[in-house]
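Student: Dropping in entry03.cif, which is mmCIF, C-alpha atoms and all ligand atoms:
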data_structure
#
loop_
_atom_site.label_atom_id
_atom_site.label_comp_id
_atom_site.auth_asym_id
_atom_site.auth_seq_id
_atom_site.Cartn_x
_atom_site.Cartn_y
_atom_site.Cartn_z
CA MET A 483 109.45 79.66 113.27
CA ALA A 484 111.11 76.75 111.59
CA ASP A 485 109.19 73.60 110.79
CA LYS A 486 110.52 71.57 113.67
CA LYS A 487 109.16 74.00 116.23
CA LEU A 488 105.64 73.89 114.86
CA PRO A 489 103.16 71.41 116.28
CA THR A 490 101.87 68.68 113.99
CA VAL A 491 98.26 68.33 112.91
CA LEU A 492 97.69 64.88 111.46
CA LEU A 493 95.02 63.98 108.92
CA ARG A 494 93.07 60.81 109.57
CA ALA A 495 93.64 57.75 107.45
CA GLY A 496 92.30 58.31 103.94
CA GLU A 497 91.60 62.02 104.51
CA ASP A 498 94.63 63.47 102.71
CA ARG A 499 93.37 63.22 99.14
CA ARG A 500 91.61 66.55 98.95
CA VAL A 501 94.45 68.51 100.53
CA ARG A 502 96.93 66.77 98.22
CA SER A 503 94.79 67.79 95.26
CA GLY A 504 95.27 71.45 96.16
CA HIS A 505 92.39 72.25 98.48
CA PRO A 506 93.47 74.84 101.07
CA TRP A 507 91.28 73.58 103.93
CA ALA A 508 90.97 70.49 106.09
CA PHE A 509 87.75 70.06 108.04
CA SER A 510 87.64 69.17 111.71
CA ASN A 511 86.31 65.64 111.08
CA GLU A 512 89.34 64.95 108.88
CA ILE A 513 91.82 65.72 111.64
CA LEU A 514 93.10 63.14 114.12
CA MET A 515 92.05 64.78 117.38
CA ASP A 516 94.32 62.96 119.83
CA ALA A 517 95.38 64.42 123.17
CA GLU A 518 98.45 66.05 121.64
CA THR A 519 96.44 67.77 118.93
CA LYS A 520 93.83 68.93 121.42
CA ALA A 521 96.60 70.52 123.46
CA ILE A 522 97.66 72.80 120.57
CA PRO A 523 96.45 76.32 121.37
CA PRO A 524 93.65 77.26 118.96
CA GLY A 525 94.86 79.64 116.27
CA SER A 526 98.42 78.27 116.24
CA LEU A 527 100.55 77.77 113.19
CA ALA A 528 101.07 74.08 112.58
CA THR A 529 102.47 71.59 110.10
CA LEU A 530 99.70 69.65 108.41
CA ARG A 531 100.75 66.06 107.86
CA ALA A 532 99.36 63.16 105.88
CA PRO A 533 98.46 60.02 107.87
CA GLY A 534 101.91 58.62 107.04
CA GLY A 535 103.63 61.69 108.50
CA GLU A 536 104.55 63.49 105.27
CA ALA A 537 104.35 67.28 105.69
CA LEU A 538 101.72 68.75 103.34
CA GLY A 539 102.02 72.38 104.28
CA LEU A 540 102.00 75.09 106.86
CA VAL A 541 98.56 75.91 108.20
CA THR A 542 96.70 77.86 110.85
CA PHE A 543 94.82 75.50 113.12
CA ASN A 544 91.55 76.01 114.95
CA PRO A 545 90.08 72.78 116.35
CA HIS A 546 86.85 74.59 117.26
CA SER A 547 86.06 75.66 113.71
CA LEU A 548 84.55 73.43 111.04
CA ILE A 549 87.42 74.61 108.83
CA ALA A 550 90.11 73.27 111.13
CA THR A 551 93.17 74.07 109.04
CA ARG A 552 93.76 76.76 106.46
CA LEU A 553 96.80 76.51 104.24
CA LEU A 554 99.23 79.41 104.50
CA SER A 555 102.03 77.83 102.52
CA SER A 556 102.56 74.56 100.72
CA ASN A 557 106.15 74.89 101.91
CA PRO A 558 106.12 73.42 105.41
CA GLU A 559 109.43 75.19 106.10
CA ALA A 560 108.05 78.64 105.31
CA VAL A 561 108.74 81.35 107.86
CA VAL A 562 105.58 83.30 108.58
CA ASP A 563 106.71 86.84 109.27
CA ALA A 564 106.09 90.33 107.92
CA LEU A 565 108.21 89.54 104.86
CA PHE A 566 106.05 86.49 104.11
CA PHE A 567 102.90 88.60 104.31
CA GLY A 568 104.64 91.41 102.44
CA ARG A 569 105.40 89.20 99.44
CA ARG A 570 101.74 88.25 99.14
CA LEU A 571 100.63 91.85 99.57
CA ALA A 572 103.07 93.04 96.93
CA GLN A 573 101.88 90.41 94.45
CA ALA A 574 98.22 91.22 95.12
CA MET A 575 98.88 94.93 94.80
CA ALA A 576 100.74 94.56 91.49
CA LEU A 577 97.76 92.62 90.11
CA ARG A 578 95.24 95.26 91.22
CA ASP A 579 97.34 98.14 89.99
CA ARG A 580 97.40 96.46 86.59
CA LEU A 581 93.68 95.62 86.62
CA ILE A 582 92.11 98.68 88.18
CA GLY A 583 94.47 101.56 87.58
CA VAL A 584 93.38 103.65 90.58
CA PRO A 585 94.25 102.80 94.21
CA PHE A 586 90.66 101.95 95.12
CA TYR A 587 90.10 98.23 95.13
CA ARG A 588 89.95 94.98 97.05
CA LEU A 589 93.62 94.42 97.72
CA ILE A 590 93.33 91.04 99.43
CA HIS A 591 90.56 88.56 98.77
CA ALA A 592 91.44 85.82 101.26
CA GLU A 593 92.52 82.40 99.93
CA ALA A 594 92.79 83.55 96.33
CA ASP A 595 95.50 85.99 97.41
CA GLY A 596 97.24 83.53 99.71
CA LEU A 597 95.96 85.08 102.92
CA PRO A 598 93.10 82.88 104.13
CA GLY A 599 90.52 84.63 106.27
CA VAL A 600 91.78 88.11 105.38
CA ILE A 601 90.02 90.84 103.42
CA VAL A 602 91.69 94.17 102.72
CA ASP A 603 89.91 96.93 100.85
CA ARG A 604 92.04 99.86 99.79
CA PHE A 605 90.78 103.42 99.66
CA GLY A 606 93.90 105.28 98.54
CA ASP A 607 95.96 105.66 101.70
CA ALA A 608 93.27 104.22 103.95
CA LEU A 609 92.68 100.50 104.41
CA ALA A 610 89.71 98.57 105.77
CA VAL A 611 90.85 95.16 107.01
CA GLN A 612 88.59 92.25 107.96
CA VAL A 613 90.08 89.24 109.68
CA ASN A 614 87.74 86.28 109.80
CA SER A 615 89.80 83.37 111.17
CA LEU A 616 91.33 82.82 114.57
CA GLY A 617 94.73 81.96 113.10
CA MET A 618 94.89 85.19 111.15
CA ASP A 619 93.49 87.14 114.07
CA LYS A 620 96.51 86.05 116.08
CA LEU A 621 98.75 87.11 113.20
CA THR A 622 97.15 90.57 112.89
CA PRO A 623 100.22 92.37 114.31
CA VAL A 624 102.37 90.73 111.62
CA LEU A 625 99.83 91.62 108.92
CA LEU A 626 99.79 95.23 110.13
CA GLU A 627 103.57 95.34 110.05
CA ALA A 628 103.54 94.07 106.47
CA LEU A 629 100.85 96.55 105.40
CA GLU A 630 102.97 99.30 106.89
CA ALA A 631 106.07 98.10 105.04
CA GLU A 632 104.30 97.70 101.67
CA LEU A 633 101.88 100.65 101.65
CA SER A 634 102.58 102.88 104.68
CA PRO A 635 98.90 103.81 104.76
CA LYS A 636 97.68 106.81 106.72
CA THR A 637 94.75 104.96 108.20
CA ILE A 638 93.99 101.33 108.95
CA VAL A 639 90.60 100.28 110.26
CA LEU A 640 90.18 96.73 111.59
CA LYS A 641 86.55 96.24 110.60
CA ASN A 642 86.23 93.01 112.50
CA ASP A 643 82.45 92.95 112.83
CA SER A 644 81.51 90.11 110.48
CA PRO A 645 79.15 87.51 111.97
CA VAL A 646 81.40 84.76 110.56
CA ARG A 647 83.92 85.57 113.29
CA ALA A 648 81.63 83.77 115.74
CA LEU A 649 82.32 80.49 113.88
CA GLU A 650 85.96 80.93 114.86
CA GLY A 651 85.25 81.89 118.46
CA LEU A 652 86.16 85.52 117.78
CA THR A 653 84.40 88.58 119.16
CA ARG A 654 83.25 91.42 116.93
CA GLU A 655 84.91 94.81 117.13
CA VAL A 656 85.88 97.81 115.04
CA VAL A 657 89.26 99.35 115.86
CA VAL A 658 91.21 102.12 114.19
CA ALA A 659 94.62 100.45 114.24
CA LYS A 660 96.48 103.34 112.64
CA GLY A 661 95.84 107.04 112.15
CA GLU A 662 92.50 108.69 112.62
CA LEU A 663 89.16 108.41 110.96
CA SER A 664 87.33 111.70 111.06
CA GLY A 665 84.52 110.77 108.67
CA PRO A 666 83.80 109.07 105.36
CA ILE A 667 86.66 108.60 102.90
CA GLU A 668 86.38 109.67 99.28
CA LEU A 669 86.96 107.07 96.60
CA LEU A 670 87.08 107.00 92.83
CA GLU A 671 85.39 104.30 90.79
CA ASN A 672 84.61 104.17 87.10
CA GLY A 673 85.61 107.84 86.96
CA ALA A 674 83.00 108.90 89.54
CA LYS A 675 83.47 109.98 93.14
CA PHE A 676 81.85 108.26 96.09
CA THR A 677 82.29 108.15 99.83
CA ALA A 678 82.73 105.20 102.14
CA ASP A 679 82.40 105.08 105.90
CA LEU A 680 85.15 102.65 106.82
CA SER A 681 84.15 102.22 110.45
CA GLY A 682 80.37 102.64 110.47
CA GLY A 683 79.39 101.54 106.96
CA GLN A 684 78.26 98.11 105.83
CA LYS A 685 81.01 95.48 105.40
CA THR A 686 84.22 97.42 104.65
CA GLY A 687 82.27 100.57 103.72
CA TRP A 688 82.08 99.98 99.97
CA PHE A 689 81.18 97.09 97.67
CA TYR A 690 83.97 97.01 95.12
CA ASP A 691 82.62 93.69 93.82
CA GLN A 692 79.99 95.48 91.70
CA ARG A 693 82.46 97.84 89.99
CA ASP A 694 82.25 96.21 86.54
CA ASN A 695 78.51 95.60 86.77
CA ARG A 696 77.97 99.26 87.64
CA ARG A 697 79.94 100.31 84.58
CA PHE A 698 78.01 97.93 82.35
CA MET A 699 74.64 99.14 83.66
CA ALA A 700 75.64 102.80 83.41
CA GLY A 701 76.43 102.13 79.77
CA LEU A 702 72.86 100.89 79.24
CA ALA A 703 71.38 103.83 81.13
CA LYS A 704 72.14 106.73 78.80
CA GLY A 705 69.00 108.85 78.49
CA ALA A 706 67.11 106.37 80.67
CA GLY A 707 64.83 106.57 83.67
CA VAL A 708 66.60 104.41 86.26
CA LEU A 709 65.42 102.75 89.44
CA ASP A 710 68.24 101.64 91.78
CA VAL A 711 66.81 99.47 94.54
CA PHE A 712 69.06 98.56 97.49
CA SER A 713 71.19 101.46 96.34
CA TYR A 714 73.49 101.70 99.39
CA SER A 715 75.80 104.69 98.67
CA GLY A 716 74.77 105.11 95.04
CA GLY A 717 77.33 102.90 93.30
CA PHE A 718 74.94 102.04 90.47
CA GLY A 719 72.56 104.98 90.47
CA VAL A 720 74.99 107.86 90.76
CA LEU A 721 77.30 106.40 88.12
CA ALA A 722 74.33 105.96 85.78
CA ALA A 723 73.39 109.61 86.34
CA LYS A 724 76.94 110.74 85.70
CA GLN A 725 77.01 108.78 82.47
CA GLY A 726 73.84 110.35 81.13
CA ALA A 727 70.74 108.81 82.70
CA LYS A 728 67.75 111.14 82.50
CA SER A 729 66.55 110.48 86.04
CA VAL A 730 67.51 108.11 88.84
CA ILE A 731 65.67 107.04 91.97
CA CYS A 732 67.78 105.42 94.70
CA ILE A 733 65.87 103.37 97.25
CA ASP A 734 67.38 101.98 100.45
CA ARG A 735 66.19 101.52 104.00
CA SER A 736 69.40 102.86 105.52
CA GLN A 737 69.48 106.62 106.08
CA PRO A 738 73.30 106.77 106.38
CA ALA A 739 73.57 104.89 103.07
CA LEU A 740 71.26 107.38 101.38
CA GLU A 741 73.19 110.30 102.90
CA ALA A 742 76.34 108.89 101.33
CA ALA A 743 74.52 108.47 98.01
CA LYS A 744 73.34 112.08 98.20
CA GLN A 745 76.86 113.22 98.86
CA ALA A 746 78.08 111.18 95.88
CA ALA A 747 75.44 112.76 93.67
CA ALA A 748 76.68 116.20 94.73
CA LEU A 749 80.34 115.25 94.26
CA ASN A 750 79.54 114.27 90.67
CA GLY A 751 77.29 117.22 89.90
CA VAL A 752 74.20 115.08 89.34
CA GLU A 753 72.16 116.07 92.40
CA LYS A 754 69.36 117.33 90.15
CA ILE A 755 69.10 113.98 88.38
CA VAL A 756 69.12 111.63 91.37
CA SER A 757 66.42 111.44 94.01
CA PHE A 758 66.35 109.32 97.13
CA GLU A 759 63.74 107.38 98.97
CA LYS A 760 64.13 105.74 102.36
CA SER A 761 61.91 102.67 102.13
CA GLU A 762 61.64 98.95 102.63
CA ALA A 763 62.45 97.71 99.16
CA PHE A 764 59.64 95.19 98.72
CA GLU A 765 57.04 97.70 99.87
CA ALA A 766 58.44 100.39 97.60
CA LEU A 767 58.38 98.02 94.63
CA GLU A 768 54.77 97.06 95.33
CA LYS A 769 53.77 100.71 95.55
CA LEU A 770 55.53 101.67 92.34
CA GLY A 771 53.91 98.69 90.63
CA ALA A 772 50.45 99.60 91.90
CA ALA A 773 51.00 103.14 90.59
CA GLY A 774 51.89 101.71 87.18
CA LYS A 775 55.37 103.28 87.12
CA LYS A 776 57.84 102.17 84.46
CA PHE A 777 61.61 102.60 84.21
CA ASP A 778 63.99 101.97 81.33
CA VAL A 779 66.49 100.41 83.70
CA VAL A 780 65.77 98.66 87.00
CA ILE A 781 68.64 97.59 89.23
CA CYS A 782 68.16 95.30 92.23
CA ASP A 783 71.25 94.49 94.27
CA PRO A 784 69.92 93.21 97.59
CA PRO A 785 71.80 91.99 100.66
CA ALA A 786 72.24 88.22 101.05
CA PHE A 787 68.83 86.64 101.55
CA VAL A 788 70.39 83.27 102.40
CA LYS A 789 72.83 83.41 105.29
CA SER A 790 72.78 79.78 106.37
CA ARG A 791 71.87 76.45 104.85
CA LYS A 792 68.63 76.28 106.79
CA ASP A 793 67.42 79.52 105.10
CA LEU A 794 68.21 78.22 101.63
CA LYS A 795 64.69 77.42 100.50
CA ILE A 796 62.93 80.48 101.93
CA GLY A 797 65.81 82.82 101.15
CA ALA A 798 66.12 81.66 97.55
CA GLN A 799 62.43 82.38 97.11
CA GLY A 800 63.22 85.97 98.10
CA TYR A 801 64.95 86.39 94.74
CA ARG A 802 61.89 85.06 92.95
CA LYS A 803 59.69 87.51 94.82
CA LEU A 804 62.08 90.36 94.11
CA VAL A 805 61.97 89.59 90.39
CA ARG A 806 58.18 89.22 90.48
CA LEU A 807 57.84 92.70 92.00
CA ALA A 808 60.60 94.45 90.06
CA ALA A 809 60.05 93.06 86.55
CA PRO A 810 56.66 94.81 86.09
CA LEU A 811 58.46 98.14 86.59
CA VAL A 812 60.71 97.56 83.57
CA ALA A 813 59.45 99.31 80.46
CA ARG A 814 59.11 97.22 77.29
CA GLY A 815 62.59 96.84 75.80
CA GLY A 816 64.10 98.06 79.05
CA PHE A 817 66.88 96.47 81.09
CA PHE A 818 66.72 94.61 84.35
CA PHE A 819 69.70 93.85 86.57
CA VAL A 820 69.36 91.53 89.53
CA ALA A 821 72.12 90.22 91.78
CA SER A 822 72.58 87.74 94.60
CA CYS A 823 75.52 87.79 96.98
CA SER A 824 74.31 84.71 98.90
CA HIS A 825 77.18 82.23 98.49
CA LEU A 826 74.84 79.31 99.24
CA VAL A 827 72.68 80.17 96.24
CA ASP A 828 74.56 78.70 93.29
CA PRO A 829 74.22 80.10 89.77
CA PRO A 830 71.65 77.50 88.57
CA LEU A 831 69.45 78.08 91.62
CA PHE A 832 69.68 81.84 91.14
CA ALA A 833 68.83 81.54 87.45
CA GLU A 834 65.85 79.38 88.38
CA GLN A 835 64.52 82.01 90.78
CA VAL A 836 64.91 84.71 88.15
CA ARG A 837 63.09 82.57 85.58
CA ARG A 838 60.24 81.85 87.98
CA GLY A 839 59.93 85.48 89.05
CA LEU A 840 59.67 86.58 85.43
CA ARG A 841 57.05 83.92 84.86
CA ASP A 842 55.10 85.13 87.92
CA ALA A 843 55.22 88.64 86.49
CA SER A 844 54.25 87.37 83.01
CA ARG A 845 57.34 88.98 81.51
CA ASN A 846 59.54 87.54 78.79
CA GLY A 847 62.93 88.64 77.69
CA ARG A 848 66.50 87.58 77.22
CA ILE A 849 69.57 87.26 79.39
CA LEU A 850 72.24 89.58 78.06
CA LEU A 851 74.88 88.98 80.66
CA SER A 852 75.51 86.64 83.55
CA SER A 853 78.31 88.16 85.55
CA GLY A 854 80.01 87.96 88.90
CA ALA A 855 82.31 89.99 91.09
CA ALA A 856 84.92 92.32 89.66
CA LEU A 857 88.43 91.07 88.92
CA ASP A 858 89.86 92.27 92.22
CA HIS A 859 87.80 89.47 93.85
CA PRO A 860 89.65 86.46 92.44
CA VAL A 861 88.70 82.91 93.35
CA HIS A 862 90.93 80.10 94.56
CA PRO A 863 90.64 77.32 91.96
CA ALA A 864 89.76 74.75 94.65
CA LEU A 865 87.05 76.96 96.15
CA PRO A 866 84.75 77.79 93.23
CA GLU A 867 81.85 78.00 95.70
CA THR A 868 83.41 81.13 97.19
CA ALA A 869 82.50 82.99 93.98
CA TYR A 870 79.54 84.35 95.89
CA LEU A 871 78.28 87.12 93.60
CA LYS A 872 75.93 86.30 90.75
CA ALA A 873 74.31 88.92 88.60
CA MET A 874 72.04 88.76 85.61
CA THR A 875 71.19 91.50 83.18
CA LEU A 876 68.13 91.00 80.99
CA GLN A 877 66.22 92.88 78.40
CA LEU A 878 62.50 92.50 78.96
CA ASP A 879 59.82 92.56 76.27
N1 LIG A 901 73.84 98.25 95.34
C1 LIG A 901 74.75 98.67 96.36
C2 LIG A 901 75.01 97.63 97.42
C3 LIG A 901 73.78 97.10 98.08
S1 LIG A 901 74.08 96.41 99.64
C4 LIG A 901 76.05 99.13 95.75
O1 LIG A 901 76.18 99.15 94.54
O2 LIG A 901 76.96 99.46 96.51
C5 LIG A 901 72.45 96.13 100.17
C6 LIG A 901 71.71 97.37 100.59
O3 LIG A 901 70.38 97.00 100.83
C7 LIG A 901 72.19 98.05 101.85
O4 LIG A 901 72.43 99.40 101.59
C8 LIG A 901 71.05 97.92 102.85
O5 LIG A 901 70.86 99.07 103.64
C9 LIG A 901 69.88 97.74 101.92
N2 LIG A 901 68.76 96.96 102.43
C10 LIG A 901 68.79 95.78 103.07
N3 LIG A 901 67.55 95.31 103.28
C11 LIG A 901 66.70 96.23 102.75
C12 LIG A 901 65.29 96.33 102.62
N4 LIG A 901 64.51 95.38 103.11
N5 LIG A 901 64.78 97.40 102.00
C13 LIG A 901 65.56 98.36 101.51
N6 LIG A 901 66.91 98.33 101.60
C14 LIG A 901 67.46 97.29 102.21
#
Could you spell out this file's structure in structure tokens?
Ligand code: SAH

Tutor:
Amino acid sequence: MADKKLPTVLLRAGEDRRVRSGHPWAFSNEILMDAETKAIPPGSLATLRAPGGEALGLVTFNPHSLIATRLLSSNPEAVVDALFFGRRLAQAMALRDRLIGVPFYRLIHAEADGLPGVIVDRFGDALAVQVNSLGMDKLTPVLLEALEAELSPKTIVLKNDSPVRALEGLTREVVVAKGELSGPIELLENGAKFTADLSGGQKTGWFYDQRDNRRFMAGLAKGAGVLDVFSYSGGFGVLAAKQGAKSVICIDRSQPALEAAKQAAALNGVEKIVSFEKSEAFEALEKLGAAGKKFDVVICDPPAFVKSRKDLKIGAQGYRKLVRLAAPLVARGGFFFVASCSHLVDPPLFAEQVRRGLRDASRNGRILLSSGAALDHPVHPALPETAYLKAMTLQLD
């Protein structure tokens, strides 16, 4: 696949500045959509060129997506094969092995790891892969070959069920591409055991992004009564119990998630400390509030309330409401953790909702920590807005 064989995608006059400055994307309105460009099969590899013809890099091209080109290599002559993918996998793996120490982590976090549109979560010798761009979808066989060469995993699940695939004209499907999946997979995090359902669970089956926040909160939870709302499989609550919390209540509306949390509690010998409640979170919070319950530590890690720009106002208010209902449950001097994984809610907007929610609840306190996703979720320097996870830990008076 040498340069000369690749089709050219030309930027319009004056539209090359951002790409030249290191941004990995060109948007569809920046591309010269002449007949030749329109004839390029969507998802093809292409050479991205400045208006004057200078090659700027090797990209995947999808004229039907708002993000029309995604940079694979700034070397327009690069050969995109299993070795190319393998080099990026090896580099990403070396970083994670250094950062995390156990083979349970996000191995590939898209652009930041040089593989735009690709997520790979590693669970020992099982991998959950999400491919979210048409160009990478077409390259899946090459990616699989590279994963085989670098890791020879026992199991690979293509968890291609993200709604964002629709933006690329892709269908949603879950396929076991290698090996067999006979049930949830065990994983180790912060010294505790959990399980993840790689094919039926939410996202890739586990949210590694909260690893460091879970450890931090567990550290605050020694001897504490803990409420873990939106608990999923117990990442916060079970770790807190294992590290010495007095009692933990996990609330989630998903029965399979709570089953996994129960299993995690048993795996860590804390089944007597952790209890589980299947409820709608806002209703459960209201009930606990009405009953005057107090907890030393309250953790709220909800799903994204804002999924598109048109939901921004209403969705952002969801965080305010969450804080208004959860803050009254925090004992005086206790700790409150609240997170948002809505990438459209930027840190100032999130902070504003937290401030207003506290005000609504007539609670004061102090922010101890504003944090984000764990280190195995790096961010491309030109895409700071993809740092989607925001979390705030407060002590409340
Ligand atoms: N805190 C978890 C991740 C939470 S993901 C961890 O550390 O891994 C969000 C969770 O919220 C999911 O488990 C989902 O089932 C649950 N959820 C979504 N909407 C809910 C609602 N309205 N009430 C209760 N749980 C909800």

Student: Could you give me, as a compact mmCIF listing (two decimals) with C-alpha atoms, keeping the file's coordinate frame, every polymer residue with an atom at most 7 Å away from an atom of ligand LIG 901 (chain A), counting only C-alpha atoms and all ligand atoms?

Tutor:
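Contents of selection18.txt, as written:
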# COMPACT_ATOMS: atom_id res chain seq x y z
CA TRP A 688 82.08 99.98 99.97
CA PHE A 689 81.18 97.09 97.67
CA GLN A 692 79.99 95.48 91.70
CA PHE A 712 69.06 98.56 97.49
CA SER A 713 71.19 101.46 96.34
CA TYR A 714 73.49 101.70 99.39
CA SER A 715 75.80 104.69 98.67
CA GLY A 716 74.77 105.11 95.04
CA GLY A 717 77.33 102.90 93.30
CA PHE A 718 74.94 102.04 90.47
CA ILE A 733 65.87 103.37 97.25
CA ASP A 734 67.38 101.98 100.45
CA ARG A 735 66.19 101.52 104.00
CA SER A 736 69.40 102.86 105.52
CA ALA A 739 73.57 104.89 103.07
CA SER A 761 61.91 102.67 102.13
CA GLU A 762 61.64 98.95 102.63
CA ALA A 763 62.45 97.71 99.16
CA PHE A 764 59.64 95.19 98.72
CA ASP A 783 71.25 94.49 94.27
CA PRO A 784 69.92 93.21 97.59
CA PRO A 785 71.80 91.99 100.66

Student: At a cut-off of 12 Å, using only C-alpha atoms, what residues contact Leu794 of chain A? Leave out same-chain residues fewer than 4 positions from it and give the result as an MDAnalysis selection string.

Tutor: chainID A and resid 786:790 798:801 824:828 831:832

Student: Which of these, A:Gly815, A:Gly504, A:Gly673, A:Gly751, has the shortest distance to Val780 of chain A once you count only C-alpha atoms?

Tutor: A:Gly815

Student: If I take atom CA of Asp498 of chain A and atom CA of Ala521 of chain A, how far is one from the other in Å, to one decimal?

Tutor: 22.0 Å

Student: Could you check which of A:Glu627, A:Asp619, A:Glu632, A:Glu765 is closest to Glu655 of chain A, using only C-alpha atoms?

Tutor: A:Asp619

Student: Using all atoms listed in the file, give me every residue within 12 Å of (73.8, 112.0, 96.7) in file coordinates, as number ranges by chain.

Tutor: A: 675-677, 713-721, 723-724, 730-733, 737-759

Student: Can you report as JSON the centre and edge lengths in Å, to one decimal, of an axis-aligned box around the listed atoms of segment 812-820 of chain A padded with 6 Å on each side?

Tutor:
{"center_x": 64.4, "center_y": 95.4, "center_z": 82.7, "size_x": 22.6, "size_y": 19.8, "size_z": 25.7}

Student: Counting all atoms listed in the file, I want the residues whose atoms come within 6 Å of (96.4, 103.0, 98.7) in the file frame, returned as a list in words.

Tutor: Pro585, Arg604, Phe605, Gly606 and Asp607 of chain A

Student: What separation in Å, quoted to one decimal, exists between atom CA of Glu867 of chain A and atom CA of Arg494 of chain A?

Tutor: 24.8 Å

Student: Could you tell me how far atom CA of Val861 of chain A lies from atom CA of Ala873 of chain A, in Å and to one decimal?

Tutor: 16.3 Å

Student: Which is closer to Cys823 of chain A than all the others in A:Arg502, A:Lys872, A:Arg569, A:Lys792, using all atoms listed in the file?

Tutor: A:Lys872

Student: Counting all atoms listed in the file, figure out which residue out of A:Ala833, A:Asp694, A:Ala528, A:Ala864 gets nearest to His505 of chain A.

Tutor: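 Looking only at the distances to His505 of chain A, the closest residue turns out to be A:Ala864.
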
Student: Can you pull out the residues contacting Lys776 of chain A? Cut-off 6 Å, using only C-alpha atoms, and skip same-chain residues under 6 positions away; I want them as a ChimeraX atom specification.

Tutor: /A:811-813

Student: Do you know which residues are at most 7 Å from segment 680-684 of chain A counting only C-alpha atoms, after dropping those on the same chain fewer than 5 positions away, and could you put them as a list of chain:residue names?

Tutor: A:Ala610, A:Val639, A:Lys641, A:Val656, A:Pro666

Student: Rank A:Lys704, A:Leu709, A:Tyr587, A:Gly726 by their smallest atom-to-atom distance to Leu670 of chain A, using all atoms listed in the file, and report the top residue only.

Tutor: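 That would be A:Tyr587, the residue with the smallest distance to Leu670 of chain A.
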
Student: From the list A:Tyr690, A:Leu625, A:Ala508, A:Val708, which residue is nearest Ala659 of chain A when using only C-alpha atoms?

Tutor: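 Ranked by minimum distance to Ala659 of chain A, first place goes to A:Leu625.
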
Student: Find the spatial neighbours of Ala537 of chain A, counting all atoms listed in the file, within a cut-off of 10 Å - ignore same-chain residues fewer than 4 positions away - and output them as a ChimeraX atom specification.

Tutor: /A:485,490-492,529-533,556-559

Student: Please identify every residue of segment 621-735 of chain A that has at least one atom no farther than 12 Å from an atom of segment 846-850 of chain A, counting all atoms listed in the file, and for each give the shortest atom pair and the distance in Å to one decimal, arranged by chain then increasing number, as JSON lines.

Tutor:
{"residue": "A:Phe698", "atom": "CA", "partner": "A:Leu850", "partner_atom": "CA", "distance": 11.0}
{"residue": "A:Met699", "atom": "CA", "partner": "A:Leu850", "partner_atom": "CA", "distance": 11.3}
{"residue": "A:Leu702", "atom": "CA", "partner": "A:Leu850", "partner_atom": "CA", "distance": 11.4}
